[in-house]
Amino acid sequence: QVQLVESGGGLVQPGGSLKLSCAASGSIFSINAMGWYRQAPGKQGELVAQITSGNPTYYAESVKGRFNISRDNAKNTVYLQMNSLKPEDTSVYYCRLVDSRGDYWGQGTQVTVSS
């Protein structure tokens, strides 16, 4: 079983920054992808950013140039640095890990961008 624990969400003013972390633990086999999704109430879920083995890093158009995803392989941790935050970035952010055995999700962390 794989557990994902997210942290770093919170309330921030427009233009501010937050850094999300997602630490994976448990029986992890050959990670294929780690990334971040978000879903706001009444809106469709969106893949925000993802690191996939053998492929270019993906960013949603809405966050390109503002968000940066990175991964610490030794710690099985993925980060999402979010800069120049906008009210429309308000959402619950979910971490996702895909390995050779399964597809795992974190519990979500709330990000609220408001003045």
# chains A, B, ... in the order shown; residues from 1 in each chain; ligands from 1
>>> select_by_dssp(residues="chain A", states="helix (DSSP H, G or I)", output="ChimeraX atom specification")
/A:73-75,87-89
>>> residues_around(residues="Pro41 (chain A)", least_positions_apart="5", cutoff="10 Å", atoms="only C-alpha atoms", output="PyMOL selection string")
chain A and resi 90-92
>>> write_last_selection(atoms="C-alpha atoms", output="mmCIF file, in the first residue's frame")
data_model
loop_
_atom_site.group_PDB
_atom_site.id
_atom_site.type_symbol
_atom_site.label_atom_id
_atom_site.label_comp_id
_atom_site.auth_asym_id
_atom_site.auth_seq_id
_atom_site.Cartn_x
_atom_site.Cartn_y
_atom_site.Cartn_z
ATOM 1 C CA THR A 90 -8.315 28.572 -5.463
ATOM 2 C CA SER A 91 -8.996 24.848 -5.304
ATOM 3 C CA VAL A 92 -8.294 21.612 -3.504
#
>>> residues_around(residues="Ser17 (chain A)", least_positions_apart="3", cutoff="7 Å", atoms="only C-alpha atoms", output="list of chain:residue names")
A:Met82, A:Asn83, A:Ser84, A:Leu85
>>> residues_around(residues="Val111 (chain A)", least_positions_apart="2", cutoff="12 Å", atoms="only C-alpha atoms", output="compact mmCIF listing (two decimals) with all heavy atoms, in the first residue's frame")
# COMPACT_ATOMS: atom_id res chain seq x y z
N GLU A 6 0.01 15.20 1.75
CA GLU A 6 0.23 16.54 1.20
C GLU A 6 0.32 17.56 2.33
O GLU A 6 -0.29 17.39 3.40
CB GLU A 6 -0.91 16.93 0.27
CG GLU A 6 -1.07 16.02 -0.93
CD GLU A 6 -2.50 15.57 -1.13
OE1 GLU A 6 -3.25 15.50 -0.14
OE2 GLU A 6 -2.87 15.28 -2.28
N SER A 7 1.03 18.62 2.07
CA SER A 7 1.11 19.72 3.02
C SER A 7 1.43 21.00 2.26
O SER A 7 1.84 20.95 1.10
CB SER A 7 2.17 19.45 4.08
OG SER A 7 3.45 19.29 3.49
N GLY A 8 1.23 22.12 2.94
CA GLY A 8 1.63 23.40 2.36
C GLY A 8 0.50 24.27 1.88
O GLY A 8 0.73 25.41 1.47
N GLY A 9 -0.73 23.77 1.90
CA GLY A 9 -1.84 24.61 1.48
C GLY A 9 -2.15 25.69 2.49
O GLY A 9 -1.58 25.71 3.59
N GLY A 10 -3.05 26.59 2.10
CA GLY A 10 -3.42 27.65 3.03
C GLY A 10 -4.05 28.81 2.30
O GLY A 10 -4.45 28.71 1.14
N LEU A 11 -4.13 29.92 3.03
CA LEU A 11 -4.72 31.16 2.50
C LEU A 11 -3.59 32.11 2.13
O LEU A 11 -2.67 32.33 2.93
CB LEU A 11 -5.62 31.79 3.55
CG LEU A 11 -6.17 33.18 3.25
CD1 LEU A 11 -7.11 33.13 2.05
CD2 LEU A 11 -6.89 33.74 4.48
N VAL A 12 -3.66 32.67 0.93
CA VAL A 12 -2.64 33.59 0.47
C VAL A 12 -3.30 34.70 -0.34
O VAL A 12 -4.35 34.48 -0.96
CB VAL A 12 -1.57 32.85 -0.37
CG1 VAL A 12 -2.17 32.26 -1.63
CG2 VAL A 12 -0.38 33.73 -0.68
N GLN A 13 -2.71 35.87 -0.31
CA GLN A 13 -3.25 36.99 -1.09
C GLN A 13 -2.88 36.85 -2.56
O GLN A 13 -1.87 36.22 -2.90
CB GLN A 13 -2.71 38.30 -0.54
CG GLN A 13 -3.22 38.64 0.84
CD GLN A 13 -2.78 40.03 1.28
OE1 GLN A 13 -1.83 40.61 0.74
NE2 GLN A 13 -3.47 40.58 2.27
N PRO A 14 -3.67 37.44 -3.44
CA PRO A 14 -3.30 37.43 -4.86
C PRO A 14 -1.90 37.98 -5.07
O PRO A 14 -1.50 38.96 -4.43
CB PRO A 14 -4.36 38.34 -5.49
CG PRO A 14 -5.54 38.21 -4.59
CD PRO A 14 -4.98 38.08 -3.20
N GLY A 16 0.71 36.28 -4.26
CA GLY A 16 1.59 35.59 -3.32
C GLY A 16 2.03 34.23 -3.81
O GLY A 16 1.74 33.83 -4.94
N SER A 17 2.75 33.53 -2.92
CA SER A 17 3.32 32.23 -3.27
C SER A 17 3.01 31.20 -2.19
O SER A 17 2.84 31.54 -1.02
CB SER A 17 4.84 32.33 -3.42
OG SER A 17 5.20 33.20 -4.47
N LEU A 18 2.94 29.97 -2.62
CA LEU A 18 2.83 28.82 -1.72
C LEU A 18 3.62 27.68 -2.32
O LEU A 18 3.76 27.59 -3.55
CB LEU A 18 1.38 28.37 -1.56
CG LEU A 18 0.46 29.14 -0.63
CD1 LEU A 18 -0.96 28.57 -0.71
CD2 LEU A 18 0.95 29.11 0.80
N LYS A 19 4.10 26.79 -1.46
CA LYS A 19 4.78 25.59 -1.93
C LYS A 19 4.11 24.37 -1.32
O LYS A 19 4.06 24.23 -0.10
CB LYS A 19 6.26 25.61 -1.56
CG LYS A 19 7.04 24.44 -2.16
CD LYS A 19 8.53 24.58 -1.90
CE LYS A 19 9.32 23.47 -2.58
NZ LYS A 19 10.79 23.63 -2.38
N LEU A 20 3.58 23.53 -2.18
CA LEU A 20 2.96 22.28 -1.75
C LEU A 20 3.98 21.15 -1.77
O LEU A 20 4.85 21.12 -2.63
CB LEU A 20 1.79 21.91 -2.66
CG LEU A 20 0.69 22.96 -2.86
CD1 LEU A 20 -0.41 22.38 -3.73
CD2 LEU A 20 0.15 23.44 -1.54
N ARG A 38 -6.07 19.55 -9.46
CA ARG A 38 -6.87 20.41 -8.61
C ARG A 38 -8.32 20.35 -9.03
O ARG A 38 -8.63 20.09 -10.19
CB ARG A 38 -6.37 21.86 -8.64
CG ARG A 38 -6.52 22.57 -9.98
CD ARG A 38 -5.86 23.94 -9.91
NE ARG A 38 -5.97 24.66 -11.17
CZ ARG A 38 -5.39 25.83 -11.42
NH1 ARG A 38 -4.65 26.42 -10.47
NH2 ARG A 38 -5.54 26.42 -12.59
N GLN A 39 -9.18 20.57 -8.07
CA GLN A 39 -10.61 20.60 -8.34
C GLN A 39 -11.27 21.62 -7.46
O GLN A 39 -11.15 21.56 -6.21
CB GLN A 39 -11.26 19.24 -8.14
CG GLN A 39 -12.75 19.25 -8.50
CD GLN A 39 -13.25 17.91 -8.95
OE1 GLN A 39 -12.67 16.88 -8.61
NE2 GLN A 39 -14.33 17.91 -9.72
N ALA A 40 -11.95 22.57 -8.07
CA ALA A 40 -12.70 23.58 -7.35
C ALA A 40 -14.18 23.20 -7.37
O ALA A 40 -14.63 22.50 -8.28
CB ALA A 40 -12.50 24.94 -8.00
N LEU A 80 5.23 21.41 -5.47
CA LEU A 80 4.64 22.34 -6.43
C LEU A 80 4.85 23.75 -5.89
O LEU A 80 4.18 24.14 -4.93
CB LEU A 80 3.16 22.05 -6.65
CG LEU A 80 2.50 22.88 -7.75
CD1 LEU A 80 3.06 22.51 -9.13
CD2 LEU A 80 0.98 22.70 -7.73
N MET A 82 4.19 27.46 -6.27
CA MET A 82 3.17 28.27 -6.93
C MET A 82 3.44 29.73 -6.66
O MET A 82 3.42 30.17 -5.50
CB MET A 82 1.77 27.87 -6.41
CG MET A 82 1.48 26.39 -6.54
SD MET A 82 -0.21 25.95 -6.07
CE MET A 82 -0.14 26.29 -4.31
N LEU A 85 0.11 33.86 -7.52
CA LEU A 85 -1.18 33.19 -7.39
C LEU A 85 -2.33 34.12 -7.68
O LEU A 85 -2.29 35.33 -7.37
CB LEU A 85 -1.31 32.58 -6.00
CG LEU A 85 -0.53 31.27 -5.83
CD1 LEU A 85 -0.29 30.96 -4.35
CD2 LEU A 85 -1.27 30.12 -6.50
N LYS A 86 -3.37 33.55 -8.29
CA LYS A 86 -4.57 34.29 -8.67
C LYS A 86 -5.78 33.68 -7.95
O LYS A 86 -5.76 32.51 -7.59
CB LYS A 86 -4.78 34.17 -10.18
CG LYS A 86 -3.61 34.63 -11.02
CD LYS A 86 -3.88 34.37 -12.50
CE LYS A 86 -2.69 34.79 -13.38
NZ LYS A 86 -2.95 34.54 -14.81
N PRO A 87 -6.84 34.47 -7.79
CA PRO A 87 -8.04 33.91 -7.16
C PRO A 87 -8.55 32.65 -7.86
O PRO A 87 -9.06 31.74 -7.19
CB PRO A 87 -9.04 35.06 -7.28
CG PRO A 87 -8.19 36.29 -7.25
CD PRO A 87 -6.96 35.91 -8.02
N GLU A 88 -8.37 32.57 -9.16
CA GLU A 88 -8.84 31.39 -9.89
C GLU A 88 -7.99 30.14 -9.63
O GLU A 88 -8.35 29.05 -10.08
CB GLU A 88 -8.91 31.66 -11.41
CG GLU A 88 -7.66 32.26 -12.01
CD GLU A 88 -7.74 33.77 -12.12
OE1 GLU A 88 -8.22 34.43 -11.16
OE2 GLU A 88 -7.29 34.30 -13.16
N ASP A 89 -6.89 30.29 -8.92
CA ASP A 89 -6.11 29.12 -8.50
C ASP A 89 -6.69 28.47 -7.25
O ASP A 89 -6.23 27.40 -6.84
CB ASP A 89 -4.66 29.52 -8.22
CG ASP A 89 -3.92 29.98 -9.46
OD1 ASP A 89 -4.07 29.33 -10.51
OD2 ASP A 89 -3.19 31.00 -9.36
N THR A 90 -7.67 29.13 -6.65
CA THR A 90 -8.32 28.57 -5.46
C THR A 90 -8.92 27.21 -5.79
O THR A 90 -9.71 27.08 -6.72
CB THR A 90 -9.40 29.52 -4.94
OG1 THR A 90 -8.78 30.73 -4.51
CG2 THR A 90 -10.16 28.89 -3.78
N SER A 91 -8.55 26.20 -5.02
CA SER A 91 -9.00 24.85 -5.30
C SER A 91 -8.46 23.91 -4.23
O SER A 91 -7.61 24.30 -3.42
CB SER A 91 -8.46 24.42 -6.68
OG SER A 91 -9.06 23.22 -7.11
N VAL A 92 -8.94 22.68 -4.26
CA VAL A 92 -8.29 21.61 -3.50
C VAL A 92 -7.28 20.97 -4.44
O VAL A 92 -7.62 20.59 -5.57
CB VAL A 92 -9.30 20.57 -3.00
CG1 VAL A 92 -8.57 19.46 -2.25
CG2 VAL A 92 -10.34 21.22 -2.09
N TYR A 93 -6.05 20.85 -3.96
CA TYR A 93 -4.97 20.29 -4.77
C TYR A 93 -4.67 18.88 -4.28
O TYR A 93 -4.46 18.65 -3.08
CB TYR A 93 -3.73 21.17 -4.66
CG TYR A 93 -3.83 22.44 -5.46
CD1 TYR A 93 -4.68 23.47 -5.05
CD2 TYR A 93 -3.10 22.62 -6.63
CE1 TYR A 93 -4.81 24.63 -5.79
CE2 TYR A 93 -3.22 23.78 -7.37
CZ TYR A 93 -4.08 24.77 -6.95
OH TYR A 93 -4.20 25.93 -7.69
N TYR A 94 -4.64 17.96 -5.22
CA TYR A 94 -4.42 16.55 -4.93
C TYR A 94 -3.12 16.08 -5.56
O TYR A 94 -2.84 16.36 -6.73
CB TYR A 94 -5.56 15.69 -5.48
CG TYR A 94 -6.90 15.98 -4.88
CD1 TYR A 94 -7.75 16.93 -5.44
CD2 TYR A 94 -7.34 15.30 -3.74
CE1 TYR A 94 -8.99 17.21 -4.89
CE2 TYR A 94 -8.59 15.56 -3.18
CZ TYR A 94 -9.40 16.51 -3.77
OH TYR A 94 -10.63 16.78 -3.22
N GLY A 108 -5.74 15.55 -0.39
CA GLY A 108 -6.03 16.90 -0.86
C GLY A 108 -5.65 17.96 0.16
O GLY A 108 -5.73 17.74 1.36
N THR A 109 -5.24 19.11 -0.34
CA THR A 109 -4.93 20.25 0.51
C THR A 109 -5.56 21.49 -0.12
O THR A 109 -5.48 21.71 -1.32
CB THR A 109 -3.41 20.41 0.71
OG1 THR A 109 -3.15 21.45 1.64
CG2 THR A 109 -2.68 20.72 -0.59
N VAL A 113 -6.88 31.63 -2.57
CA VAL A 113 -6.22 32.88 -2.95
C VAL A 113 -7.27 33.99 -2.86
O VAL A 113 -8.21 34.04 -3.66
CB VAL A 113 -5.64 32.80 -4.36
CG1 VAL A 113 -4.86 34.08 -4.68
CG2 VAL A 113 -4.74 31.58 -4.50
N SER A 114 -7.10 34.85 -1.88
CA SER A 114 -8.10 35.88 -1.64
C SER A 114 -7.49 37.03 -0.87
O SER A 114 -6.59 36.82 -0.04
CB SER A 114 -9.28 35.29 -0.85
OG SER A 114 -10.21 36.29 -0.51
>>> residues_around(residues="Trp36 (chain A)", least_positions_apart="4", cutoff="10 Å", atoms="only C-alpha atoms", output="list in words")
Leu20, Ser21, Cys22, Glu46, Leu47, Val48, Ala49, Gln50, Ile51, Tyr59, Ile69, Val78, Tyr79, Leu80, Tyr93, Tyr94, Cys95, Arg96, Leu97, Trp105, Gly106 and Gly108 of chain A
>>> atom_distance(atom1="CA of Thr112 (chain A)", atom2="CA of Gln3 (chain A)")
24.5 Å
>>> select_by_dssp(residues="region 37-115 of chain A", states="strand (DSSP E or B)", output="PyMOL selection string")
chain A and resi 37-39+46-52+58-59+67-72+77-82+91-98+103-105+109-113
>>> write_last_selection(atoms="N, CA and C atoms", output="short mmCIF file (atom, residue, chain, number, x, y, z; two decimals), in the first residue's frame")
data_model
loop_
_atom_site.label_atom_id
_atom_site.label_comp_id
_atom_site.auth_asym_id
_atom_site.auth_seq_id
_atom_site.Cartn_x
_atom_site.Cartn_y
_atom_site.Cartn_z
N TYR A 37 -3.11 17.54 -9.26
CA TYR A 37 -4.40 17.87 -9.84
C TYR A 37 -5.09 18.88 -8.92
N ARG A 38 -6.07 19.55 -9.46
CA ARG A 38 -6.87 20.41 -8.61
C ARG A 38 -8.32 20.35 -9.03
N GLN A 39 -9.18 20.57 -8.07
CA GLN A 39 -10.61 20.60 -8.34
C GLN A 39 -11.27 21.62 -7.46
N GLU A 46 -8.66 19.33 -12.94
CA GLU A 46 -7.65 19.75 -13.91
C GLU A 46 -6.29 19.21 -13.49
N LEU A 47 -5.58 18.63 -14.46
CA LEU A 47 -4.18 18.27 -14.22
C LEU A 47 -3.37 19.55 -14.25
N VAL A 48 -2.70 19.85 -13.16
CA VAL A 48 -1.95 21.10 -13.05
C VAL A 48 -0.52 20.93 -13.56
N ALA A 49 0.16 19.91 -13.06
CA ALA A 49 1.55 19.67 -13.45
C ALA A 49 1.89 18.22 -13.15
N GLN A 50 2.78 17.66 -13.95
CA GLN A 50 3.12 16.25 -13.76
C GLN A 50 4.50 15.96 -14.30
N ILE A 51 5.25 15.16 -13.55
CA ILE A 51 6.53 14.65 -13.99
C ILE A 51 6.32 13.18 -14.34
N THR A 52 6.59 12.84 -15.60
CA THR A 52 6.40 11.48 -16.08
C THR A 52 7.72 10.96 -16.61
N TYR A 58 4.83 18.22 -17.69
CA TYR A 58 3.59 18.83 -18.18
C TYR A 58 3.14 19.93 -17.24
N TYR A 59 2.68 21.02 -17.83
CA TYR A 59 2.01 22.10 -17.08
C TYR A 59 0.74 22.48 -17.81
N PHE A 67 3.93 28.28 -12.03
CA PHE A 67 4.10 27.12 -11.16
C PHE A 67 5.31 26.31 -11.61
N ASN A 68 5.95 25.65 -10.65
CA ASN A 68 7.07 24.77 -10.98
C ASN A 68 6.95 23.49 -10.17
N ILE A 69 6.99 22.36 -10.86
CA ILE A 69 6.94 21.07 -10.19
C ILE A 69 8.35 20.50 -10.12
N SER A 70 8.66 19.89 -8.99
CA SER A 70 9.97 19.26 -8.83
C SER A 70 9.81 18.00 -7.99
N ARG A 71 10.83 17.16 -8.05
CA ARG A 71 10.74 15.88 -7.37
C ARG A 71 12.08 15.54 -6.72
N ASP A 72 12.00 15.06 -5.49
CA ASP A 72 13.17 14.56 -4.77
C ASP A 72 13.06 13.04 -4.76
N THR A 77 9.30 12.42 -2.84
CA THR A 77 8.50 13.60 -2.57
C THR A 77 8.42 14.46 -3.83
N VAL A 78 7.24 14.99 -4.07
CA VAL A 78 7.04 15.91 -5.18
C VAL A 78 6.57 17.25 -4.62
N TYR A 79 7.03 18.31 -5.23
CA TYR A 79 6.71 19.66 -4.78
C TYR A 79 6.01 20.43 -5.89
N LEU A 80 5.23 21.41 -5.47
CA LEU A 80 4.64 22.34 -6.43
C LEU A 80 4.85 23.75 -5.89
N GLN A 81 5.76 24.47 -6.50
CA GLN A 81 5.99 25.87 -6.15
C GLN A 81 5.02 26.71 -6.96
N MET A 82 4.19 27.46 -6.27
CA MET A 82 3.17 28.27 -6.93
C MET A 82 3.44 29.73 -6.66
N SER A 91 -8.55 26.20 -5.02
CA SER A 91 -9.00 24.85 -5.30
C SER A 91 -8.46 23.91 -4.23
N VAL A 92 -8.94 22.68 -4.26
CA VAL A 92 -8.29 21.61 -3.50
C VAL A 92 -7.28 20.97 -4.44
N TYR A 93 -6.05 20.85 -3.96
CA TYR A 93 -4.97 20.29 -4.77
C TYR A 93 -4.67 18.88 -4.28
N TYR A 94 -4.64 17.96 -5.22
CA TYR A 94 -4.42 16.55 -4.93
C TYR A 94 -3.12 16.08 -5.56
N CYS A 95 -2.37 15.33 -4.80
CA CYS A 95 -1.16 14.70 -5.29
C CYS A 95 -1.51 13.33 -5.84
N ARG A 96 -0.82 12.95 -6.91
CA ARG A 96 -1.06 11.65 -7.53
C ARG A 96 0.28 10.97 -7.82
N LEU A 97 0.35 9.69 -7.54
CA LEU A 97 1.52 8.87 -7.86
C LEU A 97 1.07 7.65 -8.62
N VAL A 98 1.74 7.39 -9.73
CA VAL A 98 1.48 6.19 -10.52
C VAL A 98 2.76 5.37 -10.54
N ASP A 103 -2.24 3.27 -8.92
CA ASP A 103 -2.51 4.70 -9.08
C ASP A 103 -3.02 5.19 -7.74
N TYR A 104 -2.28 6.12 -7.12
CA TYR A 104 -2.56 6.52 -5.74
C TYR A 104 -2.77 8.03 -5.66
N TRP A 105 -3.66 8.41 -4.73
CA TRP A 105 -4.01 9.82 -4.56
C TRP A 105 -3.88 10.22 -3.10
N THR A 109 -5.24 19.11 -0.34
CA THR A 109 -4.93 20.25 0.51
C THR A 109 -5.56 21.49 -0.12
N GLN A 110 -6.20 22.30 0.72
CA GLN A 110 -6.93 23.46 0.22
C GLN A 110 -5.97 24.63 0.00
N VAL A 111 -6.10 25.24 -1.16
CA VAL A 111 -5.39 26.49 -1.46
C VAL A 111 -6.45 27.54 -1.75
N THR A 112 -6.39 28.62 -1.00
CA THR A 112 -7.34 29.73 -1.17
C THR A 112 -6.56 31.00 -1.45
N VAL A 113 -6.88 31.63 -2.57
CA VAL A 113 -6.22 32.88 -2.95
C VAL A 113 -7.27 33.99 -2.86
#
>>> closest_residue(among="A:Gly45, A:Gly54, A:Gly35, A:Gly26", to="Lys75 (chain A)", atoms="only C-alpha atoms")
A:Gly26
>>> atom_distance(atom1="CA of Ser30 (chain A)", atom2="CA of Arg101 (chain A)")
8.5 Å
>>> atom_distance(atom1="CA of Val5 (chain A)", atom2="CA of Ser53 (chain A)")
21.4 Å
>>> residues_around(residues="Ile28 (chain A)", least_positions_apart="3", cutoff="9 Å", atoms="only C-alpha atoms", output="MDAnalysis selection string")
chainID A and resid 1:2 24:25 31 76 99:101
>>> decode(residues="region 25-36 of chain A", atoms="all heavy atoms", output="PDB file, in the first residue's frame")
ATOM      1  N   SER A  25       4.985   7.219   0.825  1.00  0.00           N
ATOM      2  CA  SER A  25       5.602   6.173   1.634  1.00  0.00           C
ATOM      3  C   SER A  25       4.883   4.858   1.384  1.00  0.00           C
ATOM      4  O   SER A  25       3.804   4.826   0.801  1.00  0.00           O
ATOM      5  CB  SER A  25       5.551   6.536   3.117  1.00  0.00           C
ATOM      6  OG  SER A  25       4.210   6.653   3.552  1.00  0.00           O
ATOM      7  N   GLY A  26       5.509   3.767   1.836  1.00  0.00           N
ATOM      8  CA  GLY A  26       4.910   2.454   1.644  1.00  0.00           C
ATOM      9  C   GLY A  26       5.635   1.660   0.570  1.00  0.00           C
ATOM     10  O   GLY A  26       6.786   1.917   0.262  1.00  0.00           O
ATOM     11  N   SER A  27       4.925   0.715   0.003  1.00  0.00           N
ATOM     12  CA  SER A  27       5.508  -0.183  -0.996  1.00  0.00           C
ATOM     13  C   SER A  27       5.414   0.445  -2.389  1.00  0.00           C
ATOM     14  O   SER A  27       4.464   0.218  -3.130  1.00  0.00           O
ATOM     15  CB  SER A  27       4.784  -1.527  -0.966  1.00  0.00           C
ATOM     16  OG  SER A  27       4.880  -2.132   0.304  1.00  0.00           O
ATOM     17  N   ILE A  28       6.428   1.236  -2.711  1.00  0.00           N
ATOM     18  CA  ILE A  28       6.450   1.963  -3.981  1.00  0.00           C
ATOM     19  C   ILE A  28       7.331   1.214  -4.965  1.00  0.00           C
ATOM     20  O   ILE A  28       8.465   0.862  -4.643  1.00  0.00           O
ATOM     21  CB  ILE A  28       6.978   3.391  -3.778  1.00  0.00           C
ATOM     22  CG1 ILE A  28       6.084   4.150  -2.790  1.00  0.00           C
ATOM     23  CG2 ILE A  28       7.032   4.137  -5.115  1.00  0.00           C
ATOM     24  CD1 ILE A  28       6.661   5.459  -2.313  1.00  0.00           C
ATOM     25  N   PHE A  29       6.823   0.988  -6.161  1.00  0.00           N
ATOM     26  CA  PHE A  29       7.555   0.256  -7.190  1.00  0.00           C
ATOM     27  C   PHE A  29       7.656   1.106  -8.441  1.00  0.00           C
ATOM     28  O   PHE A  29       6.652   1.492  -9.004  1.00  0.00           O
ATOM     29  CB  PHE A  29       6.846  -1.064  -7.515  1.00  0.00           C
ATOM     30  CG  PHE A  29       6.839  -2.038  -6.383  1.00  0.00           C
ATOM     31  CD1 PHE A  29       5.862  -1.979  -5.389  1.00  0.00           C
ATOM     32  CD2 PHE A  29       7.793  -3.029  -6.288  1.00  0.00           C
ATOM     33  CE1 PHE A  29       5.857  -2.868  -4.341  1.00  0.00           C
ATOM     34  CE2 PHE A  29       7.795  -3.934  -5.240  1.00  0.00           C
ATOM     35  CZ  PHE A  29       6.821  -3.853  -4.264  1.00  0.00           C
ATOM     36  N   SER A  30       8.860   1.386  -8.861  1.00  0.00           N
ATOM     37  CA  SER A  30       9.120   1.985 -10.161  1.00  0.00           C
ATOM     38  C   SER A  30       8.100   3.077 -10.516  1.00  0.00           C
ATOM     39  O   SER A  30       7.167   2.849 -11.292  1.00  0.00           O
ATOM     40  CB  SER A  30       9.105   0.903 -11.237  1.00  0.00           C
ATOM     41  OG  SER A  30       9.416   1.432 -12.500  1.00  0.00           O
ATOM     42  N   ILE A  31       8.315   4.251  -9.949  1.00  0.00           N
ATOM     43  CA  ILE A  31       7.394   5.368 -10.164  1.00  0.00           C
ATOM     44  C   ILE A  31       7.378   5.758 -11.634  1.00  0.00           C
ATOM     45  O   ILE A  31       8.408   6.027 -12.241  1.00  0.00           O
ATOM     46  CB  ILE A  31       7.788   6.566  -9.300  1.00  0.00           C
ATOM     47  CG1 ILE A  31       7.628   6.224  -7.813  1.00  0.00           C
ATOM     48  CG2 ILE A  31       6.926   7.785  -9.649  1.00  0.00           C
ATOM     49  CD1 ILE A  31       8.090   7.319  -6.878  1.00  0.00           C
ATOM     50  N   ASN A  32       6.188   5.825 -12.199  1.00  0.00           N
ATOM     51  CA  ASN A  32       6.017   6.254 -13.587  1.00  0.00           C
ATOM     52  C   ASN A  32       5.696   7.741 -13.678  1.00  0.00           C
ATOM     53  O   ASN A  32       6.091   8.408 -14.632  1.00  0.00           O
ATOM     54  CB  ASN A  32       4.895   5.464 -14.259  1.00  0.00           C
ATOM     55  CG  ASN A  32       5.239   3.998 -14.388  1.00  0.00           C
ATOM     56  OD1 ASN A  32       6.385   3.629 -14.625  1.00  0.00           O
ATOM     57  ND2 ASN A  32       4.242   3.139 -14.213  1.00  0.00           N
ATOM     58  N   ALA A  33       4.940   8.230 -12.705  1.00  0.00           N
ATOM     59  CA  ALA A  33       4.539   9.629 -12.744  1.00  0.00           C
ATOM     60  C   ALA A  33       4.177  10.115 -11.348  1.00  0.00           C
ATOM     61  O   ALA A  33       3.662   9.344 -10.524  1.00  0.00           O
ATOM     62  CB  ALA A  33       3.344   9.823 -13.672  1.00  0.00           C
ATOM     63  N   MET A  34       4.460  11.378 -11.113  1.00  0.00           N
ATOM     64  CA  MET A  34       3.985  12.071  -9.908  1.00  0.00           C
ATOM     65  C   MET A  34       3.519  13.441 -10.348  1.00  0.00           C
ATOM     66  O   MET A  34       4.172  14.100 -11.163  1.00  0.00           O
ATOM     67  CB  MET A  34       5.075  12.214  -8.844  1.00  0.00           C
ATOM     68  CG  MET A  34       5.480  10.904  -8.196  1.00  0.00           C
ATOM     69  SD  MET A  34       6.573  11.139  -6.767  1.00  0.00           S
ATOM     70  CE  MET A  34       5.389  11.648  -5.500  1.00  0.00           C
ATOM     71  N   GLY A  35       2.380  13.846  -9.819  1.00  0.00           N
ATOM     72  CA  GLY A  35       1.856  15.124 -10.254  1.00  0.00           C
ATOM     73  C   GLY A  35       0.808  15.686  -9.321  1.00  0.00           C
ATOM     74  O   GLY A  35       0.533  15.126  -8.252  1.00  0.00           O
ATOM     75  N   TRP A  36       0.260  16.809  -9.747  1.00  0.00           N
ATOM     76  CA  TRP A  36      -0.734  17.544  -8.968  1.00  0.00           C
ATOM     77  C   TRP A  36      -1.967  17.814  -9.820  1.00  0.00           C
ATOM     78  O   TRP A  36      -1.849  18.255 -10.968  1.00  0.00           O
ATOM     79  CB  TRP A  36      -0.154  18.872  -8.481  1.00  0.00           C
ATOM     80  CG  TRP A  36       0.939  18.715  -7.488  1.00  0.00           C
ATOM     81  CD1 TRP A  36       2.269  18.637  -7.731  1.00  0.00           C
ATOM     82  CD2 TRP A  36       0.797  18.624  -6.071  1.00  0.00           C
ATOM     83  NE1 TRP A  36       2.968  18.491  -6.562  1.00  0.00           N
ATOM     84  CE2 TRP A  36       2.082  18.478  -5.525  1.00  0.00           C
ATOM     85  CE3 TRP A  36      -0.306  18.646  -5.200  1.00  0.00           C
ATOM     86  CZ2 TRP A  36       2.316  18.366  -4.151  1.00  0.00           C
ATOM     87  CZ3 TRP A  36      -0.079  18.537  -3.839  1.00  0.00           C
ATOM     88  CH2 TRP A  36       1.208  18.385  -3.324  1.00  0.00           C
TER      89      TRP A  36
END
